Structure formats: C-alpha cells, structure tokens
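J.: Pasting model.cif below, which is mmCIF, C-alpha atoms.
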```cif
data_input
#
loop_
_atom_site.label_atom_id
_atom_site.label_comp_id
_atom_site.auth_asym_id
_atom_site.auth_seq_id
_atom_site.Cartn_x
_atom_site.Cartn_y
_atom_site.Cartn_z
CA MET D 1 -6.14 -14.25 -2.29
CA LYS D 2 -3.41 -11.83 -1.30
CA SER D 3 -1.11 -10.53 -4.03
CA VAL D 4 2.67 -10.21 -3.99
CA VAL D 5 2.14 -6.88 -2.18
CA ALA D 6 1.91 -8.52 1.24
CA ARG D 7 5.14 -10.48 0.66
CA ARG D 8 6.94 -7.33 -0.49
CA ALA D 9 5.69 -5.39 2.55
CA ALA D 10 7.23 -8.07 4.78
CA ALA D 11 10.51 -7.87 2.84
CA VAL D 12 10.59 -4.08 3.19
CA ALA D 13 9.96 -4.32 6.93
CA LEU D 14 12.86 -6.77 7.31
CA ILE D 15 15.18 -4.52 5.31
CA CYS D 16 14.22 -1.52 7.42
CA LEU D 17 14.82 -3.42 10.66
CA THR D 18 18.23 -4.49 9.38
CA VAL D 19 19.14 -0.92 8.48
CA ALA D 20 18.05 0.32 11.90
CA ALA D 21 20.10 -2.37 13.62
CA CYS D 22 23.23 -1.34 11.72
CA LYS D 23 23.16 2.34 12.77
CA PRO D 24 26.20 3.49 14.78
CA GLU D 25 25.67 3.36 18.55
CA ALA D 26 26.61 7.01 18.79
CA THR D 27 23.43 7.97 16.95
CA PRO D 28 20.92 9.31 19.52
CA PRO D 29 17.61 7.44 19.70
CA ALA D 30 14.64 8.89 17.85
CA THR D 31 12.10 10.71 19.99
CA THR D 32 8.40 10.15 19.49
CA ALA D 33 6.05 13.11 19.72
CA ALA D 34 2.30 12.97 19.76
CA PRO D 35 0.62 13.66 16.40
CA GLY D 36 0.29 17.36 15.72
CA THR D 37 3.19 18.29 18.02
CA THR D 38 6.92 18.81 17.66
CA PRO D 39 9.74 17.58 19.94
CA ALA D 40 10.45 19.74 22.97
CA ALA D 41 13.08 22.44 22.71
CA GLY D 42 16.54 21.11 23.44
CA THR D 43 15.72 17.57 22.28
CA PRO D 44 18.61 16.30 20.13
CA ALA D 45 17.54 15.99 16.49
CA VAL D 46 18.23 12.71 14.78
CA VAL D 47 19.98 13.30 11.47
CA GLU D 48 19.40 10.35 9.17
CA PRO D 49 21.58 9.75 6.12
CA ALA D 50 20.14 11.06 2.88
CA VAL D 51 18.69 8.47 0.51
CA GLU D 52 18.94 9.13 -3.21
CA LEU D 53 15.76 8.28 -5.10
CA LYS D 54 17.15 7.95 -8.59
CA ASP D 55 15.04 6.86 -11.54
CA VAL D 56 16.07 3.52 -13.02
CA ALA D 57 16.06 2.65 -16.72
CA GLU D 58 17.64 -0.68 -17.67
CA THR D 59 17.36 -2.55 -20.95
CA THR D 60 19.04 -5.90 -21.56
CA PRO D 61 18.21 -8.82 -23.84
CA ASP D 62 16.66 -10.57 -20.82
CA TYR D 63 14.74 -7.80 -19.07
CA VAL D 64 13.55 -4.21 -19.18
CA ILE D 65 13.20 -2.18 -15.97
CA GLY D 66 11.71 1.27 -15.46
CA ILE D 67 11.38 2.81 -11.98
CA SER D 68 10.27 6.41 -11.51
CA TYR D 69 10.10 8.52 -8.34
CA GLN D 70 7.63 11.36 -8.92
CA THR D 71 7.56 12.36 -5.27
CA PRO D 72 9.39 14.74 -2.91
CA ALA D 73 9.91 11.86 -0.45
CA ALA D 74 13.69 12.30 -0.57
CA LYS D 75 13.36 15.08 2.03
CA TYR D 76 12.17 12.41 4.49
CA PRO D 77 15.11 9.97 4.67
CA GLY D 78 13.19 7.33 6.62
CA LEU D 79 10.37 7.29 4.07
CA ALA D 80 12.77 7.42 1.14
CA ALA D 81 14.60 4.38 2.51
CA GLN D 82 11.38 2.37 2.52
CA LEU D 83 10.46 3.40 -1.02
CA LYS D 84 13.91 2.44 -2.27
CA ALA D 85 13.79 -0.88 -0.39
CA TYR D 86 10.46 -1.73 -2.05
CA ALA D 87 11.81 -0.84 -5.49
CA ASP D 88 15.06 -2.70 -4.93
CA ALA D 89 13.18 -5.83 -3.85
CA ALA D 90 10.96 -5.69 -6.95
CA ARG D 91 13.99 -5.24 -9.21
CA ALA D 92 15.89 -8.08 -7.52
CA ASP D 93 12.93 -10.44 -7.96
CA LEU D 94 12.66 -9.65 -11.67
CA VAL D 95 16.40 -9.99 -12.36
CA GLU D 96 16.50 -13.29 -10.47
CA ALA D 97 13.54 -14.61 -12.47
CA ALA D 98 15.15 -13.50 -15.75
CA GLN D 99 18.45 -15.15 -14.89
CA ALA D 100 16.70 -18.39 -13.91
CA ARG D 101 14.78 -18.59 -17.19
CA LYS D 102 15.89 -21.46 -19.38
CA LYS D 103 17.29 -20.84 -22.83
CA GLY D 104 14.55 -20.66 -25.43
CA GLU D 105 11.85 -20.29 -22.78
CA GLY D 106 9.96 -17.46 -24.46
CA SER D 107 11.42 -14.70 -26.57
CA ALA D 108 9.96 -11.61 -24.90
CA PRO D 109 12.14 -10.02 -22.20
CA TYR D 110 10.80 -9.85 -18.67
CA ASP D 111 9.53 -6.42 -17.69
CA LEU D 112 9.24 -4.32 -14.54
CA SER D 113 7.42 -0.98 -14.47
CA LEU D 114 7.06 0.86 -11.16
CA ASN D 115 6.05 4.47 -10.41
CA PHE D 116 6.02 6.25 -7.07
CA THR D 117 3.71 9.29 -6.97
CA GLU D 118 2.77 11.80 -4.29
CA VAL D 119 -0.69 11.44 -2.76
CA LEU D 120 -0.25 13.97 0.04
CA ASP D 121 2.53 16.14 1.45
CA SER D 122 1.64 18.10 4.58
CA PRO D 123 3.38 18.95 7.88
CA THR D 124 1.56 16.11 9.66
CA LEU D 125 0.97 13.51 6.93
CA VAL D 126 2.82 12.39 3.82
CA ALA D 127 1.47 9.67 1.53
CA VAL D 128 3.06 8.01 -1.49
CA ALA D 129 1.48 5.53 -3.90
CA ALA D 130 3.43 2.81 -5.68
CA GLU D 131 1.82 1.40 -8.83
CA GLY D 132 3.25 -0.95 -11.39
CA SER D 133 3.60 -4.49 -12.62
CA SER D 134 6.18 -7.21 -13.01
CA TYR D 135 5.98 -9.50 -16.03
CA THR D 136 7.76 -12.85 -15.83
CA GLY D 137 5.71 -14.78 -18.37
CA GLY D 138 2.07 -15.77 -18.60
CA ALA D 139 -1.00 -13.93 -19.80
CA HIS D 140 -0.23 -10.71 -17.91
CA GLY D 141 2.07 -9.18 -15.34
CA SER D 142 1.74 -9.40 -11.57
CA PRO D 143 0.48 -6.13 -10.07
CA LEU D 144 2.74 -4.12 -7.78
CA ILE D 145 0.55 -1.99 -5.53
CA ALA D 146 1.73 -0.35 -2.30
CA ARG D 147 0.96 2.64 -0.12
CA PHE D 148 3.28 4.46 2.28
CA VAL D 149 1.85 6.86 4.88
CA TRP D 150 4.52 8.77 6.80
CA LEU D 151 4.29 10.89 9.96
CA PRO D 152 7.00 13.57 9.51
CA GLN D 153 6.84 14.86 13.08
CA GLN D 154 7.25 11.37 14.52
CA ASN D 155 9.65 10.20 11.80
CA GLN D 156 7.77 6.92 11.39
CA MET D 157 5.38 5.05 9.16
CA LEU D 158 1.69 5.02 10.06
CA LYS D 159 0.53 1.40 10.01
CA ALA D 160 -3.03 0.12 10.00
CA THR D 161 -2.42 -1.94 13.15
CA ASP D 162 -1.21 1.14 15.05
CA LEU D 163 -4.08 3.28 13.83
CA VAL D 164 -6.81 0.79 14.75
CA PRO D 165 -5.50 -1.56 17.49
CA ASP D 166 -8.82 -3.16 18.51
CA LYS D 167 -10.51 -6.10 16.77
CA LYS D 168 -13.89 -4.38 17.15
CA GLY D 169 -12.56 -1.63 14.93
CA TRP D 170 -11.61 -4.07 12.20
CA ASP D 171 -14.99 -5.75 12.47
CA ALA D 172 -16.65 -2.38 11.82
CA ILE D 173 -14.27 -1.50 8.97
CA SER D 174 -14.74 -4.94 7.43
CA ARG D 175 -18.53 -4.63 7.46
CA TYR D 176 -18.45 -1.17 5.89
CA VAL D 177 -15.92 -2.05 3.16
CA ARG D 178 -17.66 -5.34 2.35
CA GLU D 179 -21.00 -3.60 1.94
CA GLN D 180 -19.51 -0.99 -0.42
CA LEU D 181 -17.73 -3.58 -2.56
CA HIS D 182 -20.83 -5.79 -2.86
CA SER D 183 -22.85 -2.74 -3.91
CA ALA D 184 -20.24 -1.80 -6.54
CA LEU D 185 -20.18 -5.39 -7.80
CA SER D 186 -23.95 -5.40 -8.22
CA GLN D 187 -23.83 -2.15 -10.19
CA ARG D 188 -21.08 -3.48 -12.51
CA VAL D 189 -22.97 -6.70 -13.17
CA ASP D 190 -26.20 -4.84 -13.84
CA ALA D 191 -24.39 -2.62 -16.34
CA ASP D 192 -23.14 -5.73 -18.20
CA ASP D 193 -26.76 -6.85 -18.74
CA LEU D 194 -25.97 -10.56 -18.30
CA ALA D 195 -28.38 -13.44 -18.57
CA PRO D 196 -29.85 -14.35 -15.14
CA ALA D 197 -27.87 -17.59 -14.77
CA GLU D 198 -24.58 -15.95 -15.78
CA ARG D 199 -25.27 -12.97 -13.53
CA ALA D 200 -25.85 -15.24 -10.54
CA GLU D 201 -22.60 -17.10 -11.24
CA VAL D 202 -20.56 -13.89 -11.50
CA VAL D 203 -22.08 -12.43 -8.34
CA GLU D 204 -21.43 -15.62 -6.39
CA SER D 205 -17.83 -15.99 -7.56
CA ALA D 206 -16.84 -12.34 -7.16
CA GLY D 207 -18.83 -12.07 -3.93
CA ARG D 208 -16.79 -14.89 -2.43
CA MET D 209 -13.59 -13.04 -3.29
CA ILE D 210 -14.93 -9.91 -1.62
CA ASP D 211 -15.83 -11.78 1.55
CA ASP D 212 -12.44 -13.52 1.68
CA GLY D 213 -10.48 -10.34 0.99
CA THR D 214 -12.34 -8.20 3.54
CA ASP D 215 -12.24 -10.55 6.51
CA ALA D 216 -11.65 -8.53 9.71
CA ASP D 217 -7.89 -9.01 9.58
CA PRO D 218 -5.69 -5.87 9.56
CA ALA D 219 -3.49 -7.52 6.92
CA ASN D 220 -6.38 -7.20 4.46
CA PHE D 221 -6.42 -3.43 5.01
CA ALA D 222 -2.69 -2.73 5.11
CA LEU D 223 -2.85 -0.50 2.02
CA PHE D 224 -4.55 2.83 2.65
CA GLU D 225 -4.17 6.51 1.94
CA PRO D 226 -5.54 9.52 3.82
CA VAL D 227 -8.39 11.64 2.52
CA VAL D 228 -8.02 15.13 3.98
CA ALA D 229 -10.01 18.34 4.23
CA ALA D 230 -8.65 21.84 3.50
CA ASP D 231 -7.31 22.09 7.06
CA GLY D 232 -5.22 18.93 6.60
CA LYS D 233 -7.35 16.81 8.91
CA MET D 234 -8.35 13.37 7.70
CA THR D 235 -12.02 12.93 6.84
CA ALA D 236 -11.64 9.33 5.66
CA LEU D 237 -9.22 6.54 4.85
CA ARG D 238 -9.18 5.17 1.33
CA PHE D 239 -8.40 1.45 1.51
CA VAL D 240 -6.74 0.03 -1.60
CA PHE D 241 -7.16 -3.54 -2.87
CA ALA D 242 -4.91 -4.89 -5.61
CA PRO D 243 -6.25 -7.11 -8.41
CA TYR D 244 -7.20 -10.60 -7.19
CA GLU D 245 -7.67 -9.43 -3.58
CA VAL D 246 -11.40 -8.64 -3.71
CA GLY D 247 -12.20 -9.50 -7.31
CA PRO D 248 -10.87 -10.98 -10.55
CA TYR D 249 -7.91 -9.45 -12.37
CA SER D 250 -10.29 -7.82 -14.84
CA ASP D 251 -11.77 -5.68 -12.06
CA GLY D 252 -8.38 -4.04 -11.49
CA THR D 253 -7.42 -2.14 -8.35
CA GLN D 254 -10.42 -1.31 -6.18
CA THR D 255 -10.75 1.29 -3.42
CA VAL D 256 -13.24 2.05 -0.67
CA GLU D 257 -13.35 5.24 1.39
CA VAL D 258 -14.27 4.69 5.03
CA PRO D 259 -15.41 7.97 6.65
CA SER D 260 -14.06 9.22 9.95
CA SER D 261 -17.50 8.73 11.52
CA VAL D 262 -16.95 4.97 11.14
CA LEU D 263 -13.27 5.05 12.09
CA LEU D 264 -13.02 7.46 15.02
CA PRO D 265 -14.62 5.28 17.72
CA TYR D 266 -11.84 2.74 17.13
CA VAL D 267 -8.82 4.94 16.34
CA ALA D 268 -6.02 4.77 18.91
CA PRO D 269 -6.01 7.90 21.16
CA ALA D 270 -2.54 8.91 19.95
CA TYR D 271 -3.85 9.35 16.39
CA LYS D 272 -7.32 10.84 16.90
CA ALA D 273 -5.95 14.37 16.49
CA LEU D 274 -5.12 13.55 12.87
CA PHE D 275 -8.84 13.22 12.09
CA ALA D 276 -11.52 15.87 11.69
CA GLY D 277 -13.58 15.80 14.87
CA GLY D 278 -10.91 13.80 16.69
#
```
Could you take the file, read its structure, and then write that structure out as structure tokens?
T.:
Amino acid sequence: MKSVVARRAAAVALICLTVAACKPEATPPATTAAPGTTPAAGTPAVVEPAVELKDVAETTPDYVIGISYQTPAAKYPGLAAQLKAYADAARADLVEAAQARKKGEGSAPYDLSLNFTEVLDSPTLVAVAAEGSSYTGGAHGSPLIARFVWLPQQNQMLKATDLVPDKKGWDAISRYVREQLHSALSQRVDADDLAPAERAEVVESAGRMIDDGTDADPANFALFEPVVAADGKMTALRFVFAPYEVGPYSDGTQTVEVPSSVLLPYVAPAYKALFAGG
C-alpha cells in the first residue's frame, strides 16, 4: 500500500509545472548538458529566481507546525522550489484538516513535523531527504518521507524513470530488493523468537506486503538516494520505503542498497557516467 508520499510527489510535480508555465517568455530556455559536463562557452545562463527556505514554527489552539531546512539547497533555486512546494503542500493539508475538524472532536491539536536534511552535495549530484509526520487523529501520525536528487549541471531532478527507462531494469531491481527485504524480515522474525505458528503468520503477512510493494513498477522505487565513493561516483542507489509500503507501521522506514553492478546494465546511457565503472 502506497503512503501519502506518492500523492504528495504528484502534487509537487503539478506545482512545478505550473511555475514553469508562468515564467516570462523573455526567459531563455534551459539548456541540457550531459552528466559530468558543463554548458558550452557562450551559452546563455538561465537565472532562476531565488527561493527562500525559511524554517516554519506555528502554534495555534488547533495545530502545531514545525518545518526545518537543514540543507544548502537554497543555492539551487530549482531544487529549493521543489522542497518548498512539498512543505507547503504538507502544511496546507494539515491546516485544512484542522479547520475541518468538528468542535469537540478530540482535544489534542493536530501536528506537523518535517525536516529537510542534506544527504549529498557535490558538483554533479545533490540529494536531500525529507522526513517527518502529520498527525490528524488516530493512533499515530502519517509518515512524510521523500527524497530529492538534483543534477546541478543540468538544473533538473533525477527521476527513477529517467535513470532506468527499461522494464527489464525494473524487473532486475525488483528481484534484488525483494530478496533483500525477505532476508531482513526473516532475520527480524528469528530475533523475536516467536512460536512456529505465529512466526509463519507474521512471515506470510509481511511477506505479502513486501511482494506488493516491490512489484516491478518504477512508482514503487521513486524514493532513492545516491551512495557515492570518494571520487563522487555512485556505487549504489539506496531505495527508501516508507512505513506501510513493504511492511507494517512497526517496521518503520526500510531501505535497500542496490549496487551499481546490478543497475548499470539498465541505466540510460546519458546517466552511466554518474556511476563507478559507467
């Protein structure tokens, strides 16, 4: 079962498209350079408006909101715009839910906590992690998990579907990730020392969630972050799965690193240079 992350990613994409469509016609079009290169001399540089990433702290009788940007992403206006759009969408959802709550429907204020932190900042790759939760009643909050991988030289986001365009690639990634998650599940269950019948039930239930959440669909692998060597080349991709996606809420966020040896045969030619051995 996909979390609210997928819906927020779609909202962010729509916001970004709207912003792009509203740019003045006089603005020169962005140029796309191959990974690891810079635009040719004399190419007009596109100057995007600065985006202020300002921490948010709001406390009202109905809701409490805390948003923190612990990242240098502001120096990349295109990336900063997407981070702010994600945060703004999360805030708007919480405020709307708080305003729609009926009088006397619970006494605790609704709560939003969201932190953006730097994963990587290099000349060729920038990665930011968003982690948090939104509480609008119930036993616990809804997780807010997102990843943003930016290509500074191309001034664009690196998406899973661009990186691996072929279904065969997703079949291979799916098999590898599924195997790793099933192995981790078995180790966790063994450590709990459950009775045989209970163990079988847990393995079957959680195993089904793993299989559903790792089907060879790029949407299941939309959240990832680069794992790089000292030279800045990627040696793996770390795929991130929010609670409920490949296991129960109690299992929390889960990750699987897929090495470049598995990925490279299926990586689009334009991005192979980002990988060690590419």
J.: So, counting only C-alpha atoms, which residue among D:Pro152, D:Pro259, D:Gly78, D:Gly169 is closest to Ala236 in chain D?
T.: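 Smallest distance to Ala236 in chain D is found for D:Pro259.
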J.: Hey, what's within 12 Å of Asp171 in chain D if we count only C-alpha atoms and toss same-chain stuff fewer than 5 positions away? As an NGL selection string, please?
T.: :D and (164-166 or 176-178 or 214-218 or 220-221 or 262-263 or 266)
J.: I'd like to know which of D:Val256, D:Ser122, D:Gln70, D:Tyr135 is closest to Ala98 in chain D, using all atoms listed in the file.
T.: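 Answer, going by the shortest atom-to-atom distance: D:Tyr135.
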J.: Translate the PyMOL selection byres ((chain D and resi 127) around 10), as applied to the file shown, into an explicit residue set as a ChimeraX atom specification.
T.: /D:71,73,79,117-122,125-126,128-129,147-151,157-158,224-226
J.: I'd like the residues picked by the PyMOL selection byres ((chain D and resi 211) around 12) written out as a VMD selection string, using the chain letters and numbers from the file.
T.: chain D and resid 1 174 to 182 203 to 210 212 to 217 220 245 to 247
J.: Name the residues in contact with Val227 in chain D at a cut-off of 8 Å, using only C-alpha atoms, excluding same-chain residues fewer than 4 positions from it; report them as a ChimeraX atom specification.
T.: /D:234-238
J.: Which residue is closest to Ser68 in chain D? Choose from D:Gly232, D:Pro143, D:Gly278, D:Gly132 and count only C-alpha atoms.
T.: D:Gly132
J.: For Glu48 in chain D, find every residue with an atom within 9 Å (counting all atoms listed in the file), except residues of its own chain fewer than 2 positions away, and show them as a PyMOL selection string.
T.: chain D and resi 46+50-51+76-78
J.: Name the closest residue to Phe241 in chain D among the candidates D:Val64, D:Ala160, D:Val189, D:Ile145; distances are taken between atoms, counting all atoms listed in the file.
T.: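 Closest to Phe241 in chain D, using all atoms listed in the file: D:Ile145.
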J.: In Å, with one decimal, what is the gap from CA of Val258 in chain D to CA of Ala130 in chain D?
T.: 20.8 Å
J.: In terms of the shortest atom-to-atom distance over all atoms listed in the file, which of D:Thr255, D:Leu112, D:Ala230, D:Ala222 is closest to Ala89 in chain D?
T.: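 The closest residue to Ala89 in chain D is D:Leu112.
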J.: Counting all atoms listed in the file, figure out which residue out of D:Thr161, D:Ser186, D:Thr124, D:Ser250 gets nearest to Ala273 in chain D.
T.: D:Thr124
J.: Run the PyMOL selection byres ((chain D and resi 59) around 12) on the file and write out the hits as a ChimeraX atom specification.
T.: /D:56-58,60-66,95,109-113
J.: In Å, rounded to a single decimal, give me how far CA of Leu53 in chain D is from CA of Ala85 in chain D.
T.: 10.5 Å
J.: In Å, how far is it from CA of Leu144 in chain D to CA of Ser183 in chain D?
T.: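 Interatomic distance here is 25.9 Å.
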